[in-house]
Protein chains: 2
Amino acid sequence: MAYKFAKRMNNIKASEIRELLKLTQRPEVISFAGGLPAPELFPVQEVKEVAAEVIEEQGTNALQYAPTEGYDPLREKIAKRMEKFGVNVTKNNILMLSGGQQGLDFSGKIFLDKGDVVLCESPTYLGAINAFKAYEPNFVEIPTDDNGMIIEELEKIIETTDKVKLIYVIPDFQNPSGRTWSVERRKKLVEVANKHDIVIVEDNPYGELRFEGELPPAIKHFDTEGRVVYLGSFSKTFCPGFRLGWACADEKLLNKYILVKQGADLQTNTTAQMILNKFLDKYDLDEHIEKIKEVYKKRRDLMINTMKEAFPKEVKFTYPEGGLFTWAILPEHINARKLAEKAIENNVAFVPGGSFFPNGGNENTMRLNYSNMTEDRIVEGIKRLGKAIKEMM
Amino acid sequence: MAYKFAKRMNNIKASEIRELLKLTQRPEVISFAGGLPAPELFPVQEVKEVAAEVIEEQGTNALQYAPTEGYDPLREKIAKRMEKFGVNVTKNNILMLSGGQQGLDFSGKIFLDKGDVVLCESPTYLGAINAFKAYEPNFVEIPTDDNGMIIEELEKIIETTDKVKLIYVIPDFQNPSGRTWSVERRKKLVEVANKHDIVIVEDNPYGELRFEGELPPAIKHFDTEGRVVYLGSFSKTFCPGFRLGWACADEKLLNKYILVKQGADLQTNTTAQMILNKFLDKYDLDEHIEKIKEVYKKRRDLMINTMKEAFPKEVKFTYPEGGLFTWAILPEHINARKLAEKAIENNVAFVPGGSFFPNGGNENTMRLNYSNMTEDRIVEGIKRLGKAIKEMM
């Protein structure tokens, strides 16, 4: 039959990354495409042990329905962990989510009417574009540099744009660019949002994976009016399979997220929340994060150093101080989608950067993930990519 | 600050049930309010054992990102289980969801533009009303009797109503009424939907909990055109804390659900899917369901029999052949919300039925859950309720 879908469905297309990830299942493919954490660092034995203890101790409670807000002891621990980012909150400011991605969907649902405008970094996270698109907004991309959004450009655009509802940013080791906002820009962003009465969604799945330098305060740290919604995730610091993230916001606003959560999926997996909570009781997550950082830093160094050697000097790329990704800009005449096709023939995968620009263009860019491949594969893969690029120069 | 929410947020209110459930946390309260399964029947030791095996055997795979569609071995088993309901499908027709509730949210997102019409049973599931409301439809309630929607009324309404997009039904042991559709009505519903080109969402979280009589074919069984989306759940047959449900639909349509799932939360918890899959390998879920049915049947009998004795004869109630709920209709002058206030003073809780009518009214109705309370509490609670009703007669 010919289905009559809602109009919003015209906007919703398959994520290029997830389609590409299917191709990269073949073991011979060296994949810089996904945003997968290194599985060899997952605390498998600890989770196994803790899972048994939780089910033993909590019994039926671990398997029953539970409040939409989330498991209180875990919410308390997350509230406490927010201090790291200079954010002082209580469990009443924390809603457990089925992964940080869910917070993007909810933010769209709560704030966006058709035709409203989302201001975002250029480029920005593809998954956020896809989540927001369900609510039929327009996207306006704000130019960025190595310190984040260029605030003067942001102000100019706000002053000449109607219906701006949300500013969406990933200030730490941005996906896809790997860049991090300066403290000054974070502060200024909140000032601009205050002045123009706009809500900020701060997405921070990678912030704790900082290899060097100081952890900067979150944008939420500068929020005095309750206009910043902070989205966090355990996917990169614990494991993604559990689908555990959170929203942190002023109670009045968080209540809307809770209401929307009720309608969307009632609550996040009870057992998974209790296992993570017990893991945090028994083990030192920060110590575990140190191990992750050590491995990822090595991989970043290796990727960047190999790129310096193997890529033509015309190719520019970012130097991420943490997180999972670097971002490369090819000479303008090289189409990264064509390069990706060529690369996959040589069993190397990456995500063409064009997908990260909601309004298109920038087809000469590429996102490269360094967290998921072992070191020898990073070297080999980057060399093959370098060769493919040279053939297209 | 004064937030400028999307217009849809005007429709989204706190679920009365979940707010009520908070009050019923006190151990002295005899609660017929929630839709909670009996926790003493959860296979706690089996889950503990299977969880350890899954993490041991699958290792890092159990904790990593996985395909949006779900874990293939589990999808295959669910496809196979659909045969019970007379539905012949493969894993390619199954999408794993974070609970059946998520399928309601997605159905709204995929089909409903503002002002579109959802036809539903009168009364219907409150959680579906809340999920759909995010997409700003109008609801038209179709009169029902003990055999389901009255098809002649449905046709009349379709012929005089614009923009009908969805028919939403719970044909087995309906929440809240406890009633079940006849086979004839199921068949006719599909014929009417075919004739008028409308999609049907068939929500079936309780169907396997049939205490007597034959399992009727699903509405999906009669679907020859791919217009029925079937939503299933393991919350009532395994455990709700895992948040595992599924959508079953023709591939072309299921692809839209998969796309929407990507944007909403990427995928359902990997570990939970693998644990359930292993449980299905090692244990006989149908045998487990037999145990649940035995207990619930006793509780239903006890509740119904006590109602016969303790309620004034003017109160009518349904006789559910399975599932979790019965539904009572009080004399018109008795307001069930007032009765609920009076009842909670006597430490008994139920859900006033008015909430289950999207367009309001019917304040003299009540939903009573019998699955979650032990037998002595059912008797005591119904007696107290009977006394409270008599005082309001």
# chains A, B, ... in the order shown; residues from 1 in each chain; ligands from 1

call {"tool": "residues_around", "arguments": {"residues": "range 184-199 of chain A", "least_positions_apart": "4", "cutoff": "7 Å", "atoms": "only C-alpha atoms", "output": "compact mmCIF listing (two decimals) with C-alpha atoms, in the first residue's frame"}}
result
# COMPACT_ATOMS: atom_id res chain seq x y z
CA GLY A 148 34.09 27.35 19.07
CA ILE A 151 30.22 34.90 18.84
CA LYS A 165 14.36 28.79 19.55
CA LEU A 166 17.47 26.77 20.34
CA ILE A 167 21.21 27.00 20.18
CA ILE A 219 28.49 26.11 29.43
CA PHE A 222 27.67 30.03 33.39
CA ASP A 223 23.91 29.57 33.37
CA ARG A 227 18.35 28.33 30.05
CA VAL A 228 20.98 25.64 29.52

call {"tool": "interface_residues", "arguments": {"of": "chain B", "to": "chain A", "cutoff": "6 Å", "atoms": "only C-alpha atoms", "output": "PyMOL selection string"}}
result
chain B and resi 1+5-6+14+39+48+52+55+60+63-65+101-102+105+110-113+130-131+225+239-243+259+263-265+269-270

call {"tool": "residues_around", "arguments": {"residues": "range 154-159 of chain A", "least_positions_apart": "4", "cutoff": "9 Å", "atoms": "only C-alpha atoms", "output": "count of residues only"}}
result
10

call {"tool": "atom_distance", "arguments": {"atom1": "CA of Ile378 in chain B", "atom2": "CA of Gly361 in chain B"}}
result
27.9 Å

call {"tool": "atom_distance", "arguments": {"atom1": "CA of Gln25 in chain B", "atom2": "CA of Phe350 in chain B"}}
result
13.1 Å

call {"tool": "atom_distance", "arguments": {"atom1": "CA of Thr326 in chain A", "atom2": "CA of Asp284 in chain A"}}
result
28.5 Å

call {"tool": "select_by_dssp", "arguments": {"residues": "range 13-162 of chain A", "states": "helix (DSSP H, G or I)", "output": "count of residues only"}}
result
76
